[in-house]
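Below: one structure, written as structure tokens.
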Amino acid sequence: MTERVVLEASHAVAEAVKMANVDVVAAYPITPQTHIPERLAEMVADGELDAAYIPVESEHSAMSCVLGSAAVGARSFTTTAAQGLELMHEAVYIASSHRYPIVMAICNRALSAPISIWCDHSDAMSCRDVGWISVFCQNNQEAFDMTAWAFRVGEDPDVMLPVMVNLDGFTLSHVTEPLLLPDQKDVDRFIPNYEYRLALRPESPTSHGGFGLPDIYSEVKYAQEIAIRESLGVVKKAWEEFASIFGRSYQPIETYKAEGAETLIVTMGSLGETAKMVVDGMREDGVAVGHLNIRLWRPFPFADFREAVKGVKSLAVLDRAYSFGGPGGPVASELKAALYDVENRPKIVSFIGGLGGREVDTPVFEYMVKRTMDISGTGDSFLYEPLEVRGLETGSGVRG
Amino acid sequence: MAMKGYKLPHEVPWDDIELGAIVTEPGSASFKRTGDWRTEHPVVDKEKCIKCAICWLHCPDAAITPMDDGYFEPDLYHCKGCGICAAVCPKDAITMHQEVEQ
């Protein structure tokens with residue numbers, strides 16, 4: 001029986017982990033992720049969840065711990081944010097290189113310094129190239145759905161990769177709103193029992209983490225690269241299965257009122273909800289604007305993205321992180337790369353804002369749309385434009 | 001060195017690598033020839049050897065091999081020629097000899 005409940009997004013993630021019947025949770029609390037491990041610890045202590053909850057002394061240990069539990073074939077979950085993710089960084093690579101389907105929820109938070117506990121995507125971007133499947137959530141329902149889906153996809157025998165589920169710190173992790181909690185039987189049907197063929201067992205010994213000389217390293221890395229690229233098929237298939245069981249449909253790239261749109265606002269994460277409100281308002285005023293949500297960040301869905309922006313004149317891309325000294329917002333630069341060989345490609349205007357918890361409210365999005373439409377007309381070009389920086393004149397594009 | 005059909009890393013194409021490069025052949029590191037790094041090799045003089053096994057204990061590569069007659073011989077497939085066996089031998093029964101190109 002599907003229940004309509006009111007839950008904080010962090011608790012929705014914990015519910016999904018519980019319903020996925022996880023075996024091992026190892027996590028270290030860090031703001032704004034704290035409510036996820038707290039709730040899971042409570043579930044284990046109260047006997048609601050039959051799992052080992054391993055309280056660790058650091059995030060490096062949290063990831064190392066789930067590497068170990070994944071190596072014996074246990075369904076494993078961890079969760080962190082910002083500095084915690086940075087501390088576990090080297091072990092994050094090992095999870096994907098060993099092809100362990102660990103699931104990790106990241107409550108996106110700005111990286112120090114200065115110390116900020118609030119949301120941006122600098123932590124997620126620091127993990128851009130770690131080889132994990134990576135998705136972003138816009139609301140509490142998605143936080144539940146993506147977490148459950150992450151186990152299904154990661155453990156698929158054709159995938160066998162770790163999955164990170166990104167939810168914006170505070171502006172999503174601490175938001176309480178209604179969502180549908182599915183029936184356990186349906187979740188069991190969606191996430192089958194997991195058997196790890198290469199699990200560490202005395203009767204069938206395997207070595208995990210062997211030495212790779214130059215004569216094998218390139219081949220191993222290519223195999224890993226092809227694995228994540230080819231996971232796109234299972235990613236989509238699992239969302240189709242999800243839709244047929246639970247009735248909610250997801251795509252790697254999702255558009256809203258894109259038909260007839262001249263400009264699309266591009267976001268990842270919870271600001272998509274604000275952007276859609278802005279689209280509604282501007283559409284009423286006759287502005288041809290729509291919204292594009294990047295749900296799947298890795299593997300990047302190039303073909304889906306190119307298809308979604310066909311016929312669009314310009315994209316107003318919001319990045320919530322810097323690529324210091326680089327080509328502009330990391331998302332925008334990726335989109336530019338995706339379209340470089342495409343004829344009649346839309347103009348991409350990169351905006352960087354919403355850093356360290358700075359609000360990006362409706363006037364900011366309206367400004368982005370207008371500015372993007374103006375620039376598309378003039379042919380002006382710059383790497384990116386910082387949004388709402390005190391002392392900086394509005395419309396100051398940073399040039400390379 | 002018997003390898004029972006085991007392929008060395010440089011013989012494996014990318015799409016034949018086990019998931020996560022996990023090794024399913026126990027002890028397969030022994031298949032890797034490391035003896036060709038050597039510039040010197042140990043020679044045991046059985047006249048002096050008292051079978052004390054100190055060389056066997058100290059060899060960092062487990063290349064000193066106990067033989068059926070109780071003596072010890074270097075496994076030259078793996079021996080890197082470090083000379084520790086010769087240095088620790090209490091009877092100076094092991095001497096290091098220069099490798100020469102044939």
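Please note that chains go A, B, ... in the order of the structure tokens, that every chain numbers its residues from 1, and that ligands are numbered from 1 in the order shown.
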
Using only C-alpha atoms, which protein or nucleic acid residues come within 6 Å of range 24-39 of chain B? Drop anything in the same chain fewer than 6 positions from it, and give the result as a list in words.
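Result of the neighbour search: Thr206 of chain A; Leu76, Tyr77, His78, Cys79, Lys80, Gly81 and Glu99 of chain B.
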
Now that the selection is made, can you save its residues with N, CA and C atoms as an mmCIF file, in the first residue's frame?
data_model
loop_
_atom_site.group_PDB
_atom_site.id
_atom_site.type_symbol
_atom_site.label_atom_id
_atom_site.label_comp_id
_atom_site.auth_asym_id
_atom_site.auth_seq_id
_atom_site.Cartn_x
_atom_site.Cartn_y
_atom_site.Cartn_z
ATOM 1 N N THR A 206 39.669 -14.328 -3.628
ATOM 2 C CA THR A 206 39.930 -13.299 -4.637
ATOM 3 C C THR A 206 40.799 -12.232 -3.981
ATOM 4 N N LEU B 76 65.638 -18.195 -8.986
ATOM 5 C CA LEU B 76 66.132 -17.089 -9.825
ATOM 6 C C LEU B 76 65.052 -16.461 -10.705
ATOM 7 N N TYR B 77 63.839 -17.055 -10.730
ATOM 8 C CA TYR B 77 62.714 -16.436 -11.453
ATOM 9 C C TYR B 77 62.249 -15.185 -10.695
ATOM 10 N N HIS B 78 62.427 -15.242 -9.353
ATOM 11 C CA HIS B 78 61.951 -14.120 -8.530
ATOM 12 C C HIS B 78 63.072 -13.323 -7.865
ATOM 13 N N CYS B 79 64.257 -13.952 -7.626
ATOM 14 C CA CYS B 79 65.327 -13.292 -6.880
ATOM 15 C C CYS B 79 65.742 -11.995 -7.566
ATOM 16 N N LYS B 80 65.726 -10.875 -6.791
ATOM 17 C CA LYS B 80 66.088 -9.573 -7.353
ATOM 18 C C LYS B 80 67.546 -9.243 -7.097
ATOM 19 N N GLY B 81 68.271 -10.147 -6.438
ATOM 20 C CA GLY B 81 69.703 -9.971 -6.239
ATOM 21 C C GLY B 81 70.046 -8.951 -5.182
ATOM 22 N N GLU B 99 75.867 -10.593 -12.745
ATOM 23 C CA GLU B 99 75.139 -11.099 -13.920
ATOM 24 C C GLU B 99 75.928 -10.651 -15.165
#

Give me, as a VMD selection string, the residues of chain A touching chain B, with the criterion being at most 6 Å (counting only C-alpha atoms).
chain A and resid 97 to 99 206 to 208 215 to 216 219 223

Would you return as a PyMOL selection string the members of range 88-220 of chain A that DSSP assigns to alpha helix (DSSP H) on this structure's backbone?
chain A and resi 89-97+122-126+140-154+184-190+214-220

Using only C-alpha atoms, determine which residues lie at most 9 Å from Ala93 in chain B, disregarding the query and same-chain residues fewer than 5 positions distant; provide the list as a list in words.
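Here the answer would be Val43, Val44, Asp45, Lys46, Glu47, Lys48, Cys49, Ile50 and Ala86 of chain B.
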
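Distance-wise, CA of Leu296 in chain A and CA of Leu198 in chain A end up 28.2 Å apart.
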
Long-range neighbours of Val25 in chain A as a short mmCIF file (atom, residue, chain, number, x, y, z; two decimals) with C-alpha atoms, in the first residue's frame, 9 Å cut-off, only C-alpha atoms, 2 positions minimum in chain:
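The result, stored in result_28.cif:
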data_model
loop_
_atom_site.label_atom_id
_atom_site.label_comp_id
_atom_site.auth_asym_id
_atom_site.auth_seq_id
_atom_site.Cartn_x
_atom_site.Cartn_y
_atom_site.Cartn_z
CA VAL A 22 20.67 -2.35 3.22
CA ASP A 23 23.17 -4.57 5.07
CA ALA A 27 28.73 7.21 8.13
CA PRO A 37 22.83 8.86 9.51
CA LEU A 40 19.40 5.30 10.08
CA ALA A 41 21.17 4.78 13.40
CA ALA A 51 21.66 -3.83 9.30
CA ALA A 52 25.06 -3.18 10.79
CA TYR A 53 25.39 0.51 11.62
CA ILE A 54 29.10 1.26 11.96
CA PRO A 55 29.84 4.58 13.67
CA ALA A 62 33.22 5.69 6.45
CA CYS A 65 34.37 0.76 5.83
CA VAL A 66 31.82 0.43 3.03
CA ARG A 75 24.61 -3.92 0.28
CA SER A 76 26.31 -0.79 1.61
CA PHE A 77 25.39 2.83 2.14
CA THR A 78 27.17 5.94 3.30
CA THR A 79 26.42 9.62 3.24
#

Show which residues sit within 10 Å of range 368-373 of chain A, as JSON, numbers by chain. Count only C-alpha atoms, and ignore same-chain residues fewer than 2 positions away.
{"A": [262, 263, 264, 265, 278, 279, 282, 287, 288, 289, 290, 313, 314, 315, 316, 317, 318, 347, 348, 349, 350, 351, 362, 363, 364, 365, 366, 375, 376, 377, 378, 385, 387, 395]}

Just the selected residues (N, CA and C atoms), exported as a compact mmCIF listing (two decimals), in the first residue's frame, please.
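Just written: part_12.txt:
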# COMPACT_ATOMS: atom_id res chain seq x y z
N GLU A 262 12.54 29.73 -26.79
CA GLU A 262 13.73 30.30 -27.44
C GLU A 262 14.94 30.10 -26.53
N THR A 263 14.68 30.20 -25.22
CA THR A 263 15.74 30.07 -24.21
C THR A 263 15.31 29.05 -23.16
N LEU A 264 16.28 28.25 -22.74
CA LEU A 264 16.01 27.33 -21.63
C LEU A 264 16.91 27.69 -20.46
N ILE A 265 16.31 27.73 -19.27
CA ILE A 265 17.12 27.85 -18.05
C ILE A 265 17.61 26.45 -17.74
N VAL A 278 9.54 30.40 -12.37
CA VAL A 278 9.91 31.57 -13.18
C VAL A 278 9.43 31.37 -14.61
N VAL A 279 9.60 30.15 -15.11
CA VAL A 279 9.13 29.86 -16.47
C VAL A 279 7.63 30.10 -16.57
N MET A 282 7.01 33.92 -16.60
CA MET A 282 7.49 34.60 -17.81
C MET A 282 6.69 34.17 -19.03
N VAL A 287 7.06 35.54 -22.70
CA VAL A 287 8.48 35.28 -22.97
C VAL A 287 8.64 33.79 -23.29
N ALA A 288 9.33 33.50 -24.40
CA ALA A 288 9.47 32.11 -24.85
C ALA A 288 10.60 31.41 -24.11
N VAL A 289 10.31 31.04 -22.86
CA VAL A 289 11.34 30.42 -22.03
C VAL A 289 10.85 29.08 -21.49
N GLY A 290 11.77 28.17 -21.32
CA GLY A 290 11.47 26.88 -20.71
C GLY A 290 12.57 26.50 -19.74
N LYS A 313 17.41 28.58 -29.12
CA LYS A 313 18.40 29.60 -29.49
C LYS A 313 19.49 29.77 -28.44
N SER A 314 19.09 29.66 -27.16
CA SER A 314 20.10 29.92 -26.13
C SER A 314 19.78 29.18 -24.83
N LEU A 315 20.84 28.95 -24.06
CA LEU A 315 20.71 28.29 -22.76
C LEU A 315 21.29 29.21 -21.69
N ALA A 316 20.51 29.43 -20.65
CA ALA A 316 21.00 30.21 -19.50
C ALA A 316 21.35 29.20 -18.42
N VAL A 317 22.64 28.94 -18.27
CA VAL A 317 23.07 27.84 -17.40
C VAL A 317 23.52 28.36 -16.04
N LEU A 318 22.91 27.83 -15.00
CA LEU A 318 23.31 28.21 -13.65
C LEU A 318 24.27 27.18 -13.07
N LYS A 347 23.32 29.20 -28.25
CA LYS A 347 24.31 29.99 -27.51
C LYS A 347 24.21 29.59 -26.04
N ILE A 348 25.35 29.37 -25.41
CA ILE A 348 25.33 29.01 -23.99
C ILE A 348 25.87 30.18 -23.17
N VAL A 349 25.07 30.64 -22.24
CA VAL A 349 25.53 31.70 -21.35
C VAL A 349 25.66 31.11 -19.95
N SER A 350 26.88 31.20 -19.43
CA SER A 350 27.20 30.57 -18.15
C SER A 350 27.10 31.59 -17.02
N PHE A 351 26.29 31.27 -16.03
CA PHE A 351 26.17 32.11 -14.83
C PHE A 351 26.66 31.30 -13.63
N THR A 362 13.46 34.28 -7.68
CA THR A 362 12.88 34.45 -9.02
C THR A 362 13.46 35.62 -9.82
N PRO A 363 13.71 36.79 -9.21
CA PRO A 363 14.28 37.89 -10.02
C PRO A 363 15.63 37.53 -10.63
N VAL A 364 16.40 36.72 -9.93
CA VAL A 364 17.72 36.32 -10.45
C VAL A 364 17.54 35.49 -11.72
N PHE A 365 16.61 34.55 -11.67
CA PHE A 365 16.36 33.73 -12.86
C PHE A 365 15.80 34.58 -14.01
N GLU A 366 14.92 35.52 -13.66
CA GLU A 366 14.35 36.40 -14.70
C GLU A 366 15.47 37.21 -15.36
N ILE A 375 22.17 38.80 -24.98
CA ILE A 375 23.51 38.45 -25.46
C ILE A 375 23.41 37.65 -26.76
N SER A 376 22.42 36.77 -26.83
CA SER A 376 22.26 35.96 -28.05
C SER A 376 22.09 36.86 -29.25
N GLY A 377 21.41 38.01 -29.03
CA GLY A 377 21.18 38.96 -30.13
C GLY A 377 22.45 39.71 -30.52
N THR A 378 23.24 40.10 -29.51
CA THR A 378 24.41 40.95 -29.80
C THR A 378 25.63 40.14 -30.23
N GLU A 385 29.40 34.72 -16.25
CA GLU A 385 29.02 35.94 -15.54
C GLU A 385 28.70 35.61 -14.09
N LEU A 387 26.94 36.03 -10.63
CA LEU A 387 25.65 36.62 -10.28
C LEU A 387 25.73 37.33 -8.93
N GLY A 395 26.09 42.33 -15.03
CA GLY A 395 26.39 42.13 -16.45
C GLY A 395 27.88 42.13 -16.76

Could you go through chain B and tell me which residues DSSP, when run on the backbone, assigns to strand (DSSP E or B), listing them as number ranges by chain?
B: 23, 40-44, 64-66, 72-74, 94-98

For the selection you just gave me, I'd like the residues written to a file as a PDB file, in the first residue's frame, keeping N, CA and C atoms.
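Output below, filename again.pdb:
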ATOM      1  N   VAL B  23      41.491  -9.971  -8.729  1.00  0.00           N
ATOM      2  CA  VAL B  23      42.313 -11.126  -9.095  1.00  0.00           C
ATOM      3  C   VAL B  23      41.656 -12.391  -8.552  1.00  0.00           C
ATOM      4  N   GLU B  40      73.053  -9.008  -9.740  1.00  0.00           N
ATOM      5  CA  GLU B  40      73.896 -10.036  -9.109  1.00  0.00           C
ATOM      6  C   GLU B  40      72.990 -11.172  -8.672  1.00  0.00           C
ATOM      7  N   HIS B  41      73.521 -12.384  -8.602  1.00  0.00           N
ATOM      8  CA  HIS B  41      72.727 -13.497  -8.089  1.00  0.00           C
ATOM      9  C   HIS B  41      73.508 -14.259  -7.005  1.00  0.00           C
ATOM     10  N   PRO B  42      72.792 -14.831  -6.037  1.00  0.00           N
ATOM     11  CA  PRO B  42      73.465 -15.557  -4.955  1.00  0.00           C
ATOM     12  C   PRO B  42      73.830 -16.983  -5.379  1.00  0.00           C
ATOM     13  N   VAL B  43      74.969 -17.421  -4.887  1.00  0.00           N
ATOM     14  CA  VAL B  43      75.377 -18.810  -5.102  1.00  0.00           C
ATOM     15  C   VAL B  43      75.672 -19.422  -3.731  1.00  0.00           C
ATOM     16  N   VAL B  44      75.061 -20.587  -3.458  1.00  0.00           N
ATOM     17  CA  VAL B  44      75.203 -21.235  -2.158  1.00  0.00           C
ATOM     18  C   VAL B  44      76.319 -22.292  -2.231  1.00  0.00           C
ATOM     19  N   ILE B  64      64.376 -17.508  -1.520  1.00  0.00           N
ATOM     20  CA  ILE B  64      65.245 -18.587  -1.030  1.00  0.00           C
ATOM     21  C   ILE B  64      64.331 -19.780  -0.746  1.00  0.00           C
ATOM     22  N   THR B  65      64.584 -20.868  -1.453  1.00  0.00           N
ATOM     23  CA  THR B  65      63.653 -21.992  -1.426  1.00  0.00           C
ATOM     24  C   THR B  65      64.268 -23.191  -0.694  1.00  0.00           C
ATOM     25  N   PRO B  66      63.541 -23.753   0.282  1.00  0.00           N
ATOM     26  CA  PRO B  66      64.050 -24.953   0.952  1.00  0.00           C
ATOM     27  C   PRO B  66      63.986 -26.158   0.001  1.00  0.00           C
ATOM     28  N   PHE B  72      69.301 -24.865   0.890  1.00  0.00           N
ATOM     29  CA  PHE B  72      68.474 -23.777   0.351  1.00  0.00           C
ATOM     30  C   PHE B  72      69.057 -23.292  -0.976  1.00  0.00           C
ATOM     31  N   GLU B  73      68.173 -23.023  -1.941  1.00  0.00           N
ATOM     32  CA  GLU B  73      68.625 -22.535  -3.240  1.00  0.00           C
ATOM     33  C   GLU B  73      67.798 -21.304  -3.621  1.00  0.00           C
ATOM     34  N   PRO B  74      68.446 -20.332  -4.261  1.00  0.00           N
ATOM     35  CA  PRO B  74      67.660 -19.160  -4.712  1.00  0.00           C
ATOM     36  C   PRO B  74      66.771 -19.523  -5.907  1.00  0.00           C
ATOM     37  N   ILE B  94      77.039 -17.960   1.306  1.00  0.00           N
ATOM     38  CA  ILE B  94      76.387 -17.400   0.117  1.00  0.00           C
ATOM     39  C   ILE B  94      77.221 -16.232  -0.402  1.00  0.00           C
ATOM     40  N   THR B  95      77.514 -16.268  -1.684  1.00  0.00           N
ATOM     41  CA  THR B  95      78.263 -15.154  -2.292  1.00  0.00           C
ATOM     42  C   THR B  95      77.472 -14.638  -3.482  1.00  0.00           C
ATOM     43  N   MET B  96      77.640 -13.352  -3.736  1.00  0.00           N
ATOM     44  CA  MET B  96      76.909 -12.717  -4.843  1.00  0.00           C
ATOM     45  C   MET B  96      77.804 -12.679  -6.076  1.00  0.00           C
ATOM     46  N   HIS B  97      77.232 -13.039  -7.228  1.00  0.00           N
ATOM     47  CA  HIS B  97      77.998 -13.089  -8.468  1.00  0.00           C
ATOM     48  C   HIS B  97      77.369 -12.189  -9.515  1.00  0.00           C
ATOM     49  N   GLN B  98      78.202 -11.458 -10.193  1.00  0.00           N
ATOM     50  CA  GLN B  98      77.756 -10.505 -11.220  1.00  0.00           C
ATOM     51  C   GLN B  98      76.979 -11.210 -12.339  1.00  0.00           C
TER      52      GLN B  98
END

What lies within 12 Å of Glu388 in chain A using only C-alpha atoms, ignoring chain neighbours under 2 positions off, as a list in words?
Phe351, Ile352, Gly353, Gly354, Leu355, Arg358, Glu359, Val360, Asp361, Pro363, Val364, Phe365, Tyr367, Met368, Glu385, Pro386, Arg390, Gly391, Leu392, Glu393, Thr394, Gly395, Ser396 and Gly397 of chain A

Would you mind telling me which residue in B:Leu57, B:Val100, B:Met67, B:Cys52 lies nearest to Cys85 in chain B when using only C-alpha atoms?
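Going through B:Leu57, B:Val100, B:Met67, B:Cys52 one by one, the smallest distance to Cys85 in chain B is for B:Leu57.
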
Need to verify the contact set: range 176-184 of chain A, 12 Å, only C-alpha atoms, exclusion of same-chain residues closer than 3 positions in sequence. Can you return it as a VMD selection string?
chain A and resid 1 to 21 139 to 145 148 170 to 173 187 to 191 242 245 to 248

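Taking CA of Tyr71 in chain B as the reference point, CA of Lys51 in chain B is found at 5.6 Å.
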
How many Å separate CA of Ala45 in chain A from CA of Val24 in chain A?
13.3 Å
